[in-house]
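Okay, final-v2.cif now, which holds mmCIF, C-alpha atoms:
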```cif
data_target
#
loop_
_atom_site.label_atom_id
_atom_site.label_comp_id
_atom_site.auth_asym_id
_atom_site.auth_seq_id
_atom_site.Cartn_x
_atom_site.Cartn_y
_atom_site.Cartn_z
CA MET A 1 0.00 0.00 0.00
CA LYS A 2 2.71 2.46 1.07
CA HIS A 3 4.87 1.33 -1.84
CA GLY A 4 1.93 1.86 -4.21
CA LEU A 5 1.28 5.36 -2.88
CA LEU A 6 4.95 6.26 -3.29
CA THR A 7 4.83 4.92 -6.86
CA ALA A 8 1.69 6.96 -7.53
CA TRP A 9 3.42 10.06 -6.21
CA ALA A 10 6.47 9.39 -8.39
CA ILE A 11 4.23 9.01 -11.48
CA ALA A 12 2.33 12.18 -10.61
CA GLN A 13 5.63 14.06 -10.25
CA LYS A 14 6.89 12.66 -13.54
CA ASP A 15 3.70 13.69 -15.37
CA LEU A 16 3.67 17.14 -13.82
CA ARG A 17 7.34 17.71 -14.60
CA THR A 18 6.91 16.61 -18.22
CA GLU A 19 3.86 18.82 -18.58
CA LEU A 20 5.36 21.88 -16.93
CA ARG A 21 8.46 21.58 -19.13
CA THR A 22 6.62 21.11 -22.43
CA LYS A 23 3.37 22.87 -21.42
CA GLU A 24 1.63 21.14 -24.29
CA SER A 25 -1.79 20.46 -22.75
CA ILE A 26 -1.85 23.16 -20.07
CA ASN A 27 -1.27 25.95 -22.61
CA ALA A 28 -3.90 24.50 -24.91
CA ALA A 29 -6.43 24.02 -22.10
CA ALA A 30 -5.87 27.49 -20.61
CA SER A 31 -6.17 29.30 -23.93
CA PHE A 32 -9.13 27.14 -24.92
CA SER A 33 -10.97 28.09 -21.74
CA LEU A 34 -10.29 31.77 -22.39
CA VAL A 35 -11.61 31.45 -25.93
CA ILE A 36 -14.76 29.74 -24.66
CA LEU A 37 -15.28 32.49 -22.07
CA VAL A 38 -15.05 35.10 -24.83
CA LEU A 39 -17.43 33.12 -27.06
CA PHE A 40 -20.01 32.84 -24.28
CA SER A 41 -20.06 36.61 -23.94
CA PHE A 42 -21.25 36.82 -27.55
CA ALA A 43 -23.68 33.94 -27.16
CA PHE A 44 -25.62 35.56 -24.33
CA ASP A 45 -26.50 39.20 -24.01
CA LEU A 46 -27.59 39.35 -20.40
CA GLY A 47 -28.33 41.75 -17.59
CA ARG A 48 -26.58 41.53 -14.25
CA GLU A 49 -29.19 39.34 -12.51
CA GLU A 50 -29.40 36.91 -15.40
CA LEU A 51 -25.62 36.67 -15.55
CA TYR A 52 -25.49 35.54 -11.95
CA ALA A 53 -28.21 33.00 -12.66
CA ILE A 54 -26.14 31.28 -15.35
CA SER A 55 -22.70 31.92 -13.85
CA GLY A 56 -22.26 28.44 -12.34
CA GLY A 57 -23.29 26.68 -15.51
CA LEU A 58 -20.98 28.82 -17.60
CA LEU A 59 -18.00 28.28 -15.34
CA TRP A 60 -18.41 24.51 -15.17
CA LEU A 61 -18.87 24.15 -18.90
CA VAL A 62 -15.54 25.90 -19.35
CA TYR A 63 -13.91 23.73 -16.67
CA SER A 64 -15.25 20.48 -18.06
CA PHE A 65 -14.14 21.35 -21.61
CA ALA A 66 -10.68 22.19 -20.34
CA GLY A 67 -10.74 19.01 -18.23
CA ALA A 68 -11.40 16.80 -21.25
CA LEU A 69 -8.40 18.33 -23.02
CA ILE A 70 -6.14 17.68 -20.05
CA VAL A 71 -7.20 14.12 -19.19
CA ASN A 72 -7.00 13.17 -22.87
CA ARG A 73 -3.23 13.58 -22.64
CA GLY A 74 -2.99 11.52 -19.43
CA PHE A 75 -2.41 8.13 -21.00
CA ALA A 76 -1.89 9.32 -24.59
CA ARG A 77 1.36 10.91 -23.41
CA GLU A 78 2.75 7.40 -22.87
CA ILE A 79 2.04 6.13 -26.39
CA PRO A 80 5.23 7.33 -28.16
CA ASN A 81 8.22 5.00 -27.62
CA ASP A 82 5.85 2.37 -26.12
CA CYS A 83 6.12 3.97 -22.68
CA LEU A 84 2.67 2.67 -21.74
CA ASP A 85 3.73 -0.95 -22.23
CA VAL A 86 6.80 -0.33 -20.07
CA LEU A 87 4.68 1.28 -17.35
CA ILE A 88 2.25 -1.64 -17.38
CA SER A 89 4.99 -4.26 -17.25
CA SER A 90 6.83 -2.43 -14.47
CA PRO A 91 6.33 -3.63 -10.87
CA ALA A 92 4.08 -0.61 -10.22
CA PRO A 93 0.52 -1.75 -9.43
CA GLY A 94 -2.15 -0.64 -11.92
CA TRP A 95 -4.02 1.44 -9.37
CA ALA A 96 -0.84 3.36 -8.51
CA ILE A 97 -0.25 4.25 -12.17
CA PHE A 98 -3.85 5.39 -12.40
CA LEU A 99 -3.76 7.36 -9.15
CA GLY A 100 -0.53 9.11 -10.16
CA LYS A 101 -1.99 10.15 -13.48
CA ALA A 102 -5.25 11.29 -11.89
CA VAL A 103 -3.39 13.42 -9.32
CA ALA A 104 -1.26 15.01 -12.05
CA ALA A 105 -4.34 15.78 -14.18
CA PHE A 106 -6.07 17.18 -11.07
CA CYS A 107 -3.21 19.60 -10.37
CA LEU A 108 -3.08 20.71 -14.01
CA LEU A 109 -6.82 21.29 -14.19
CA ILE A 110 -6.76 23.25 -10.93
CA ILE A 111 -4.04 25.49 -12.40
CA VAL A 112 -6.15 26.10 -15.52
CA GLU A 113 -9.21 26.81 -13.36
CA MET A 114 -7.30 29.27 -11.22
CA ILE A 115 -6.25 31.08 -14.39
CA SER A 116 -9.75 31.22 -15.89
CA LEU A 117 -11.69 32.05 -12.69
CA PRO A 118 -10.31 35.62 -12.33
CA VAL A 119 -10.75 36.15 -16.08
CA PHE A 120 -14.34 34.96 -15.75
CA GLY A 121 -14.93 37.39 -12.88
CA LEU A 122 -13.35 40.16 -14.88
CA PHE A 123 -15.16 39.60 -18.19
CA TYR A 124 -18.58 39.05 -16.66
CA ASN A 125 -18.24 41.43 -13.75
CA ILE A 126 -18.98 38.71 -11.21
CA ARG A 127 -17.68 39.00 -7.65
CA TRP A 128 -16.24 35.65 -6.66
CA THR A 129 -13.68 36.63 -4.03
CA GLU A 130 -16.14 36.88 -1.13
CA SER A 131 -17.42 33.32 -1.49
CA PHE A 132 -14.05 31.90 -2.51
CA GLY A 133 -13.72 29.75 0.63
CA SER A 134 -16.80 27.63 0.00
CA LEU A 135 -16.35 27.89 -3.77
CA ALA A 136 -12.91 26.31 -3.36
CA ILE A 137 -14.46 23.24 -1.71
CA VAL A 138 -16.87 22.80 -4.62
CA ILE A 139 -14.09 23.34 -7.16
CA LEU A 140 -11.77 20.83 -5.47
CA LEU A 141 -14.46 18.13 -5.15
CA ALA A 142 -15.88 18.51 -8.66
CA THR A 143 -12.46 18.82 -10.27
CA TRP A 144 -11.39 15.58 -8.62
CA GLY A 145 -14.55 13.95 -9.99
CA ILE A 146 -13.81 15.20 -13.50
CA THR A 147 -10.19 14.06 -13.40
CA VAL A 148 -10.81 10.66 -11.81
CA VAL A 149 -13.51 9.67 -14.34
CA GLY A 150 -11.61 11.42 -17.13
CA THR A 151 -8.35 9.61 -16.39
CA ALA A 152 -10.17 6.27 -16.21
CA PHE A 153 -11.76 6.89 -19.60
CA SER A 154 -8.51 8.20 -21.02
CA ALA A 155 -7.10 4.76 -20.16
CA VAL A 156 -10.12 3.12 -21.81
CA THR A 157 -9.83 5.18 -25.00
CA VAL A 158 -6.04 5.32 -25.28
CA ASN A 159 -5.88 2.51 -27.83
CA VAL A 160 -9.16 3.33 -29.51
CA ARG A 161 -9.63 4.78 -32.97
CA LEU A 162 -10.71 8.46 -32.87
CA ARG A 163 -9.53 8.77 -29.28
CA GLU A 164 -10.04 12.52 -29.06
CA LEU A 165 -13.67 12.15 -30.13
CA MET A 166 -14.52 9.08 -28.07
CA LEU A 167 -13.41 10.50 -24.74
CA PRO A 168 -15.93 13.39 -24.58
CA VAL A 169 -18.74 11.14 -25.83
CA LEU A 170 -18.15 8.78 -22.92
CA LEU A 171 -17.07 11.34 -20.34
CA TYR A 172 -19.78 14.02 -20.39
CA PRO A 173 -22.83 11.78 -19.87
CA ILE A 174 -21.11 10.16 -16.88
CA LEU A 175 -20.26 13.59 -15.47
CA ILE A 176 -23.84 14.89 -15.70
CA PRO A 177 -24.78 14.32 -12.03
CA LEU A 178 -21.51 15.89 -10.90
CA LEU A 179 -21.98 18.88 -13.18
CA ILE A 180 -25.61 19.40 -12.11
CA GLY A 181 -24.45 19.51 -8.49
CA ALA A 182 -21.43 21.72 -9.12
CA MET A 183 -23.28 24.15 -11.40
CA GLY A 184 -26.19 24.62 -8.98
CA THR A 185 -23.97 25.14 -5.95
CA THR A 186 -21.59 27.49 -7.76
CA THR A 187 -24.48 29.64 -8.98
CA ALA A 188 -25.89 29.78 -5.44
CA LEU A 189 -22.53 30.64 -3.88
CA LEU A 190 -21.75 33.35 -6.43
CA GLY A 191 -25.23 34.76 -5.79
CA GLY A 192 -24.29 35.22 -2.14
CA GLU A 193 -25.92 32.15 -0.57
CA SER A 194 -24.13 30.25 2.17
CA MET A 195 -23.28 26.55 2.27
CA THR A 196 -26.51 25.29 3.85
CA GLY A 197 -29.66 23.37 2.93
CA ASP A 198 -29.82 22.53 -0.76
CA ASN A 199 -26.21 23.54 -1.33
CA LEU A 200 -25.13 21.11 1.35
CA SER A 201 -27.02 18.29 -0.33
CA SER A 202 -25.31 19.15 -3.64
CA LEU A 203 -22.02 18.97 -1.79
CA ARG A 204 -22.96 15.53 -0.49
CA LEU A 205 -23.71 14.48 -4.06
CA LEU A 206 -20.24 15.62 -5.13
CA ILE A 207 -18.62 13.70 -2.28
CA GLY A 208 -20.66 10.60 -3.13
CA PHE A 209 -19.74 10.85 -6.81
CA ASP A 210 -16.05 11.20 -5.96
CA LEU A 211 -16.10 8.25 -3.56
CA ILE A 212 -18.01 5.92 -5.89
CA TYR A 213 -15.97 6.67 -8.99
CA THR A 214 -12.59 6.79 -7.25
CA SER A 215 -13.12 3.35 -5.77
CA LEU A 216 -14.67 1.94 -8.95
CA ALA A 217 -11.81 3.27 -11.08
CA LEU A 218 -9.09 2.09 -8.70
CA TYR A 219 -10.66 -1.36 -8.66
CA LEU A 220 -11.36 -1.68 -12.40
CA ILE A 221 -8.20 -0.05 -13.77
CA ASP A 222 -6.33 -3.38 -13.86
CA PHE A 223 -8.94 -4.70 -16.29
CA VAL A 224 -8.46 -1.58 -18.42
CA LEU A 225 -4.67 -1.70 -18.57
CA VAL A 226 -4.22 -5.49 -18.75
CA PHE A 227 -6.89 -7.40 -20.62
CA MET B 1 -33.45 -26.01 -33.43
CA ARG B 2 -32.19 -23.14 -31.29
CA GLU B 3 -32.99 -20.67 -34.03
CA LYS B 4 -36.55 -21.98 -34.32
CA ALA B 5 -37.04 -21.65 -30.57
CA VAL B 6 -35.87 -18.04 -30.71
CA TYR B 7 -38.21 -17.15 -33.56
CA LEU B 8 -41.04 -18.96 -31.81
CA LEU B 9 -40.38 -16.83 -28.71
CA GLY B 10 -40.47 -13.69 -30.84
CA LEU B 11 -43.66 -14.82 -32.50
CA LEU B 12 -45.22 -15.53 -29.10
CA GLY B 13 -44.22 -12.02 -27.98
CA ALA B 14 -45.75 -10.51 -31.12
CA LEU B 15 -48.99 -12.44 -30.60
CA VAL B 16 -49.23 -11.34 -26.95
CA MET B 17 -48.56 -7.77 -28.12
CA ILE B 18 -51.29 -7.93 -30.80
CA PHE B 19 -53.74 -9.42 -28.32
CA ASN B 20 -52.91 -6.67 -25.84
CA LEU B 21 -53.16 -3.89 -28.41
CA ASN B 22 -56.57 -5.22 -29.38
CA THR B 23 -57.70 -5.06 -25.74
CA VAL B 24 -56.20 -1.61 -25.28
CA PHE B 25 -57.60 -0.02 -28.42
CA ASN B 26 -60.90 -1.81 -28.85
CA LYS B 27 -62.08 -2.89 -25.40
CA LEU B 28 -60.88 -0.35 -22.84
CA PRO B 29 -62.86 2.89 -22.50
CA ASP B 30 -61.24 6.32 -22.76
CA GLU B 31 -59.83 7.68 -19.54
CA ALA B 32 -61.86 10.36 -17.80
CA MET B 33 -59.20 13.11 -17.71
CA GLN B 34 -56.96 12.41 -20.70
CA GLY B 35 -59.26 10.89 -23.31
CA ALA B 36 -57.75 8.41 -25.73
CA VAL B 37 -54.10 9.30 -25.34
CA TYR B 38 -53.74 7.61 -21.93
CA ARG B 39 -53.33 4.30 -23.83
CA ILE B 40 -49.68 5.14 -24.23
CA ILE B 41 -49.16 3.87 -20.70
CA PHE B 42 -49.44 0.28 -21.97
CA ILE B 43 -46.33 0.74 -24.17
CA HIS B 44 -44.53 3.64 -22.50
CA VAL B 45 -44.18 2.24 -18.98
CA PRO B 46 -43.54 -1.40 -19.98
CA ALA B 47 -40.72 -0.15 -22.26
CA ALA B 48 -39.08 1.64 -19.33
CA ILE B 49 -39.47 -1.33 -16.98
CA ASN B 50 -38.04 -3.74 -19.55
CA ALA B 51 -35.14 -1.42 -20.35
CA ASP B 52 -34.25 -1.44 -16.64
CA ILE B 53 -34.42 -5.24 -16.60
CA PHE B 54 -32.12 -5.58 -19.63
CA TYR B 55 -29.65 -3.01 -18.30
CA THR B 56 -29.49 -4.86 -14.99
CA VAL B 57 -28.78 -8.12 -16.81
CA ALA B 58 -26.09 -6.27 -18.81
CA LEU B 59 -24.45 -5.07 -15.59
CA ILE B 60 -24.34 -8.60 -14.17
CA THR B 61 -22.95 -10.10 -17.37
CA ALA B 62 -20.37 -7.29 -17.71
CA ILE B 63 -19.06 -8.15 -14.24
CA LEU B 64 -19.14 -11.87 -15.11
CA PHE B 65 -17.11 -11.22 -18.26
CA LEU B 66 -14.40 -9.38 -16.33
CA ALA B 67 -14.33 -12.20 -13.77
CA THR B 68 -14.30 -15.16 -16.20
CA LYS B 69 -13.21 -13.75 -19.59
CA ASN B 70 -15.83 -15.95 -21.20
CA PHE B 71 -17.07 -14.24 -24.38
CA ILE B 72 -20.60 -15.51 -23.99
CA TRP B 73 -21.08 -12.92 -21.20
CA ASP B 74 -19.89 -10.15 -23.45
CA SER B 75 -22.35 -11.20 -26.15
CA ILE B 76 -25.18 -11.03 -23.62
CA THR B 77 -24.02 -7.60 -22.39
CA VAL B 78 -23.95 -5.99 -25.80
CA SER B 79 -27.26 -7.59 -26.85
CA CYS B 80 -29.03 -6.49 -23.68
CA ILE B 81 -27.67 -2.95 -23.94
CA GLU B 82 -28.75 -2.65 -27.57
CA VAL B 83 -32.26 -3.85 -26.79
CA GLY B 84 -32.42 -1.75 -23.59
CA THR B 85 -31.37 1.38 -25.47
CA MET B 86 -33.97 0.73 -28.14
CA LEU B 87 -36.62 0.38 -25.41
CA ILE B 88 -35.49 3.61 -23.75
CA LEU B 89 -35.83 5.34 -27.10
CA LEU B 90 -39.33 3.91 -27.47
CA ASN B 91 -40.10 5.15 -23.96
CA LEU B 92 -38.78 8.64 -24.72
CA VAL B 93 -40.58 8.96 -28.04
CA THR B 94 -43.94 7.74 -26.74
CA GLY B 95 -43.57 9.94 -23.67
CA SER B 96 -42.79 12.93 -25.82
CA ILE B 97 -45.88 12.37 -27.95
CA TRP B 98 -47.99 12.09 -24.82
CA GLY B 99 -46.40 15.26 -23.44
CA ARG B 100 -47.19 17.21 -26.62
CA ASN B 101 -50.82 16.14 -26.32
CA GLN B 102 -51.23 16.69 -22.58
CA TRP B 103 -48.81 19.45 -21.66
CA GLY B 104 -48.59 21.15 -25.06
CA ILE B 105 -44.80 20.71 -25.17
CA TRP B 106 -42.62 17.92 -26.54
CA TRP B 107 -40.12 18.01 -23.74
CA ALA B 108 -39.99 19.20 -20.12
CA TRP B 109 -36.85 18.92 -17.99
CA ASP B 110 -38.67 16.75 -15.56
CA LEU B 111 -37.09 14.32 -13.10
CA ARG B 112 -38.05 11.09 -14.82
CA MET B 113 -37.56 12.35 -18.36
CA THR B 114 -34.14 13.73 -17.57
CA SER B 115 -33.05 10.49 -15.94
CA GLN B 116 -34.23 8.42 -18.92
CA LEU B 117 -32.46 10.73 -21.35
CA MET B 118 -29.24 10.47 -19.34
CA CYS B 119 -29.60 6.70 -19.32
CA PHE B 120 -29.97 6.75 -23.09
CA LEU B 121 -26.87 8.93 -23.51
CA LEU B 122 -24.77 6.82 -21.14
CA TYR B 123 -25.47 3.60 -23.02
CA LEU B 124 -25.13 5.33 -26.37
CA GLY B 125 -21.50 5.87 -25.34
CA TYR B 126 -21.17 2.13 -24.82
CA LEU B 127 -22.60 1.39 -28.27
CA LEU B 128 -20.31 3.99 -29.86
CA ILE B 129 -17.07 2.83 -28.30
CA ARG B 130 -17.52 -0.86 -29.12
CA PRO B 131 -16.97 -0.67 -32.88
CA ALA B 132 -13.98 1.64 -32.33
CA ILE B 133 -11.93 -1.11 -30.64
CA ALA B 134 -10.50 -3.67 -33.05
CA GLU B 135 -9.04 -6.34 -30.81
CA PRO B 136 -11.84 -8.66 -29.49
CA THR B 137 -10.59 -9.23 -25.92
CA GLN B 138 -9.80 -5.57 -25.53
CA ARG B 139 -13.17 -4.61 -26.99
CA ALA B 140 -15.03 -6.89 -24.58
CA SER B 141 -13.04 -5.82 -21.49
CA LEU B 142 -13.18 -2.10 -22.14
CA SER B 143 -16.83 -2.04 -23.08
CA SER B 144 -17.72 -4.12 -20.00
CA ILE B 145 -16.03 -1.46 -17.90
CA VAL B 146 -17.99 1.27 -19.66
CA ALA B 147 -21.19 -0.69 -18.96
CA ILE B 148 -20.35 -0.89 -15.24
CA PHE B 149 -19.51 2.82 -15.08
CA ALA B 150 -22.76 3.69 -16.85
CA TYR B 151 -24.88 1.63 -14.45
CA ALA B 152 -23.14 3.15 -11.42
CA ASP B 153 -24.15 6.58 -12.70
CA ILE B 154 -27.89 5.93 -12.71
CA PRO B 155 -28.48 6.27 -8.93
CA LEU B 156 -26.37 9.44 -8.97
CA VAL B 157 -28.38 10.90 -11.84
CA LEU B 158 -31.55 10.17 -9.88
CA MET B 159 -30.07 11.95 -6.86
CA ALA B 160 -28.78 14.91 -8.89
CA ILE B 161 -32.06 15.68 -10.60
CA ARG B 162 -33.84 15.66 -7.24
CA LEU B 163 -31.88 18.78 -6.39
CA PRO B 164 -34.15 21.83 -6.18
CA ASN B 165 -33.69 23.29 -9.65
CA VAL B 166 -35.47 20.40 -11.37
CA ARG B 167 -39.26 20.52 -11.56
CA THR B 168 -41.61 17.56 -11.63
CA GLN B 169 -44.80 17.27 -13.58
CA HIS B 170 -44.59 13.66 -14.70
CA PRO B 171 -47.54 11.62 -13.44
CA GLY B 172 -46.42 8.93 -11.05
CA PRO B 173 -48.80 8.18 -8.17
CA VAL B 174 -51.04 5.87 -10.22
CA LEU B 175 -48.45 3.12 -10.17
CA GLU B 176 -46.74 3.84 -6.91
CA THR B 177 -49.85 4.11 -4.77
CA GLY B 178 -51.67 1.25 -6.48
CA GLN B 179 -54.56 3.50 -7.53
CA MET B 180 -54.71 2.15 -11.04
CA ALA B 181 -58.24 1.09 -11.97
CA PRO B 182 -58.55 -2.73 -11.84
CA MET B 183 -59.49 -3.08 -15.52
CA PHE B 184 -56.21 -1.44 -16.55
CA LYS B 185 -54.06 -3.76 -14.49
CA ALA B 186 -54.20 -6.85 -16.74
CA PRO B 187 -53.35 -5.05 -20.03
CA PHE B 188 -50.56 -3.25 -18.20
CA GLY B 189 -49.03 -6.51 -16.95
CA ILE B 190 -49.48 -8.18 -20.34
CA GLY B 191 -47.83 -5.13 -21.95
CA ILE B 192 -44.75 -5.71 -19.79
CA LEU B 193 -44.75 -9.41 -20.68
CA ALA B 194 -45.13 -8.76 -24.44
CA LEU B 195 -42.16 -6.37 -24.59
CA PHE B 196 -40.14 -8.70 -22.38
CA LEU B 197 -40.73 -11.64 -24.74
CA ILE B 198 -39.94 -9.59 -27.85
CA GLY B 199 -36.89 -8.08 -26.15
CA THR B 200 -35.60 -11.47 -25.06
CA ALA B 201 -36.02 -12.85 -28.58
CA LEU B 202 -34.07 -9.88 -29.96
CA VAL B 203 -31.34 -10.38 -27.35
CA LEU B 204 -31.03 -14.03 -28.37
CA VAL B 205 -30.84 -13.17 -32.07
CA ARG B 206 -28.19 -10.51 -31.40
CA MET B 207 -26.21 -12.92 -29.20
CA HIS B 208 -26.13 -15.40 -32.04
CA GLN B 209 -24.94 -12.70 -34.44
CA GLU B 210 -22.20 -11.64 -32.02
CA THR B 211 -20.95 -15.21 -31.66
CA SER B 212 -20.92 -15.74 -35.44
CA GLN B 213 -19.19 -12.42 -35.94
CA ARG B 214 -16.46 -13.41 -33.52
CA GLU B 215 -15.99 -16.76 -35.24
CA ILE B 216 -15.74 -15.07 -38.64
CA ASP B 217 -13.21 -12.59 -37.26
CA SER B 218 -11.02 -15.29 -35.80
CA LEU B 219 -11.15 -17.31 -39.06
CA ARG B 220 -10.16 -14.18 -40.95
CA ARG B 221 -7.24 -13.60 -38.62
CA GLU B 222 -6.09 -17.21 -39.02
CA LEU B 223 -6.23 -16.78 -42.77
CA HIS B 224 -4.11 -13.65 -42.63
CA ALA B 225 -1.64 -15.29 -40.28
CA ALA B 226 -1.20 -18.31 -42.56
#
```

Is it possible to give me this structure as structure tokens?
Amino acid sequence: MKHGLLTAWAIAQKDLRTELRTKESINAAASFSLVILVLFSFAFDLGREELYAISGGLLWLVYSFAGALIVNRGFAREIPNDCLDVLISSPAPGWAIFLGKAVAAFCLLIIVEMISLPVFGLFYNIRWTESFGSLAIVILLATWGITVVGTAFSAVTVNVRLRELMLPVLLYPILIPLLIGAMGTTTALLGGESMTGDNLSSLRLLIGFDLIYTSLALYLIDFVLVF
Amino acid sequence: MREKAVYLLGLLGALVMIFNLNTVFNKLPDEAMQGAVYRIIFIHVPAAINADIFYTVALITAILFLATKNFIWDSITVSCIEVGTMLILLNLVTGSIWGRNQWGIWWAWDLRMTSQLMCFLLYLGYLLIRPAIAEPTQRASLSSIVAIFAYADIPLVLMAIRLPNVRTQHPGPVLETGQMAPMFKAPFGIGILALFLIGTALVLVRMHQETSQREIDSLRRELHAA
């Protein structure tokens, strides 16, 4: 167990280091999210009240688009030079490889989100700093959900034809409950509500989603990597 | 022999369905509030119930495939998911027609409708990814995993759409409180049976196709290897 966690950490470090040196997916994801934010401003011509009403949905659409770009690279990065085969045949347990990759994708997505959140506030004139404490909890939980399911499906689709197309087709329907919860809570928090009542039950949904899919993915990943 | 039994089962299902449609259209009176359109319940609800049955079977066989690596389980999974998805589509389309008649709109983001639509999308992913994987063992393993992930999502979808921003106007109490008029009960039950028989026959036909397909593929590979 301890060995596996250390392996996972090593893989996460390796992935993060590679990514931060080449910046291939983080640059793409960050600029993509900015482009989407600009596009949305043309799509909707809204007053201040209405903007707050759709703010959570807008933000999480941007985050989930950026997330798909980042997790797509997770396992695809290992394809050149047959690195994936080497990883699988190494003594590292399958779940540790998966966990390492999920943690790396999580950190990358958080970085992209932290870049696009202030831009979002700026473009749409939405005050997010006051509720940032509770917003951070929602962002951390939902981002983990996106990356854990995304990394699992990036392992599923890594050897599939039309990988870049298949991943979103599989990923977004699975993420729907998570996104419903995150969007609703984010809208409420940005609108000045506190973390009680309905928002708390959304938070419970996010925690449940994370727990179910983290354990399911950790358990099933061996079947994905070695068939 | 096996083929004949399958077609016989399908035929039996079709006969039960025709018998039931006759009862529904010619013998039952119009409903007091809705008029003639209420008859959709004898197709609409049985389709949903049967889809749930086939998806549950698909979950079990997906797990069995991962545990045993026996391809027969994979054939059952894909057949059940195909038939289940078709039934969900039937459920959505009939429901939409009913909604247009009764509510004046084709679609409302209602709790049950949303969950069925999500279900449809989840399993559509399964059906899309299968043909994209060339190697048979890999195809079976990966798609079984997608089937398990999809099934695990259903309770969460149900929970998510119960959050406050989703409205409900879908009728439900008739079934859940047992207030359905006695004369409707038999056609309703027979409706479930008819779709179950037809669905099972389709699953068996598809299973046979899957098995043949796999045999053809392996023969082709042998030929190329030689």

Going by the chain IDs and residue numbers used in this file, which residues fall under the PyMOL selection byres ((chain B) within 10 of (chain A))? Write them as a short mmCIF file (atom, residue, chain, number, x, y, z; two decimals) with C-alpha atoms, keeping the file's coordinate frame.
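Result file follows (part_3.cif):
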```
data_model
loop_
_atom_site.label_atom_id
_atom_site.label_comp_id
_atom_site.auth_asym_id
_atom_site.auth_seq_id
_atom_site.Cartn_x
_atom_site.Cartn_y
_atom_site.Cartn_z
CA LEU B 66 -14.40 -9.38 -16.33
CA ALA B 67 -14.33 -12.20 -13.77
CA LYS B 69 -13.21 -13.75 -19.59
CA SER B 115 -33.05 10.49 -15.94
CA LEU B 117 -32.46 10.73 -21.35
CA MET B 118 -29.24 10.47 -19.34
CA CYS B 119 -29.60 6.70 -19.32
CA PHE B 120 -29.97 6.75 -23.09
CA LEU B 121 -26.87 8.93 -23.51
CA LEU B 122 -24.77 6.82 -21.14
CA TYR B 123 -25.47 3.60 -23.02
CA LEU B 124 -25.13 5.33 -26.37
CA GLY B 125 -21.50 5.87 -25.34
CA TYR B 126 -21.17 2.13 -24.82
CA LEU B 128 -20.31 3.99 -29.86
CA ILE B 129 -17.07 2.83 -28.30
CA ARG B 130 -17.52 -0.86 -29.12
CA PRO B 131 -16.97 -0.67 -32.88
CA ALA B 132 -13.98 1.64 -32.33
CA ILE B 133 -11.93 -1.11 -30.64
CA ALA B 134 -10.50 -3.67 -33.05
CA GLU B 135 -9.04 -6.34 -30.81
CA THR B 137 -10.59 -9.23 -25.92
CA GLN B 138 -9.80 -5.57 -25.53
CA ARG B 139 -13.17 -4.61 -26.99
CA ALA B 140 -15.03 -6.89 -24.58
CA SER B 141 -13.04 -5.82 -21.49
CA LEU B 142 -13.18 -2.10 -22.14
CA SER B 143 -16.83 -2.04 -23.08
CA SER B 144 -17.72 -4.12 -20.00
CA ILE B 145 -16.03 -1.46 -17.90
CA VAL B 146 -17.99 1.27 -19.66
CA ILE B 148 -20.35 -0.89 -15.24
CA PHE B 149 -19.51 2.82 -15.08
CA ALA B 150 -22.76 3.69 -16.85
CA TYR B 151 -24.88 1.63 -14.45
CA ALA B 152 -23.14 3.15 -11.42
CA ASP B 153 -24.15 6.58 -12.70
CA ILE B 154 -27.89 5.93 -12.71
CA PRO B 155 -28.48 6.27 -8.93
CA LEU B 156 -26.37 9.44 -8.97
CA VAL B 157 -28.38 10.90 -11.84
CA LEU B 158 -31.55 10.17 -9.88
CA MET B 159 -30.07 11.95 -6.86
CA ALA B 160 -28.78 14.91 -8.89
CA ILE B 161 -32.06 15.68 -10.60
CA ARG B 162 -33.84 15.66 -7.24
CA LEU B 163 -31.88 18.78 -6.39
CA PRO B 164 -34.15 21.83 -6.18
CA ASN B 165 -33.69 23.29 -9.65
CA VAL B 166 -35.47 20.40 -11.37
#
```

- [ ] Give as a PyMOL selection string the residues that the PyMOL selection byres ((chain A and resi 134-146) around 8) matches when applied to the coordinates above.
- [x] chain A and resi 64+67+106+109-110+131-133+147-150+175+178-179+182+185-186+189+195+203+206-207+209-210+213-214

Task: Within 9 Å of A:Trp95 using all atoms listed in the file, minus same-chain residues under 3 positions, as a list in words - done: Gly4, Ala8, Ala92, Phe98, Leu99, Gly100, Ala217, Leu218, Tyr219, Leu220, Ile221 and Asp222 of chain A

TODO: With the file shown as input, list the residues that the PyMOL selection byres ((chain B and resi 81) around 7) selects, as an NGL selection string.
DONE: :B and (54-55 or 58 or 77-80 or 82-85 or 123)

Task: Selection near B:Gly10, 6 Å with all atoms listed in the file, sequence-local residues under 3 positions removed, as an MDAnalysis selection string - done: chainID B and resid 7 13 198 201

Open item on the list: Taking 4 positions as the minimum chain separation for residues in the same chain, which residues sit within 7 Å of B:Leu87 when counting all atoms listed in the file? Answer as a list in words.
Closed with: Ala47, Ala48, Ala51, Val83 and Asn91 of chain B

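Atom CA of B:Leu202 sits 16.0 Å away from atom CA of B:Trp73.
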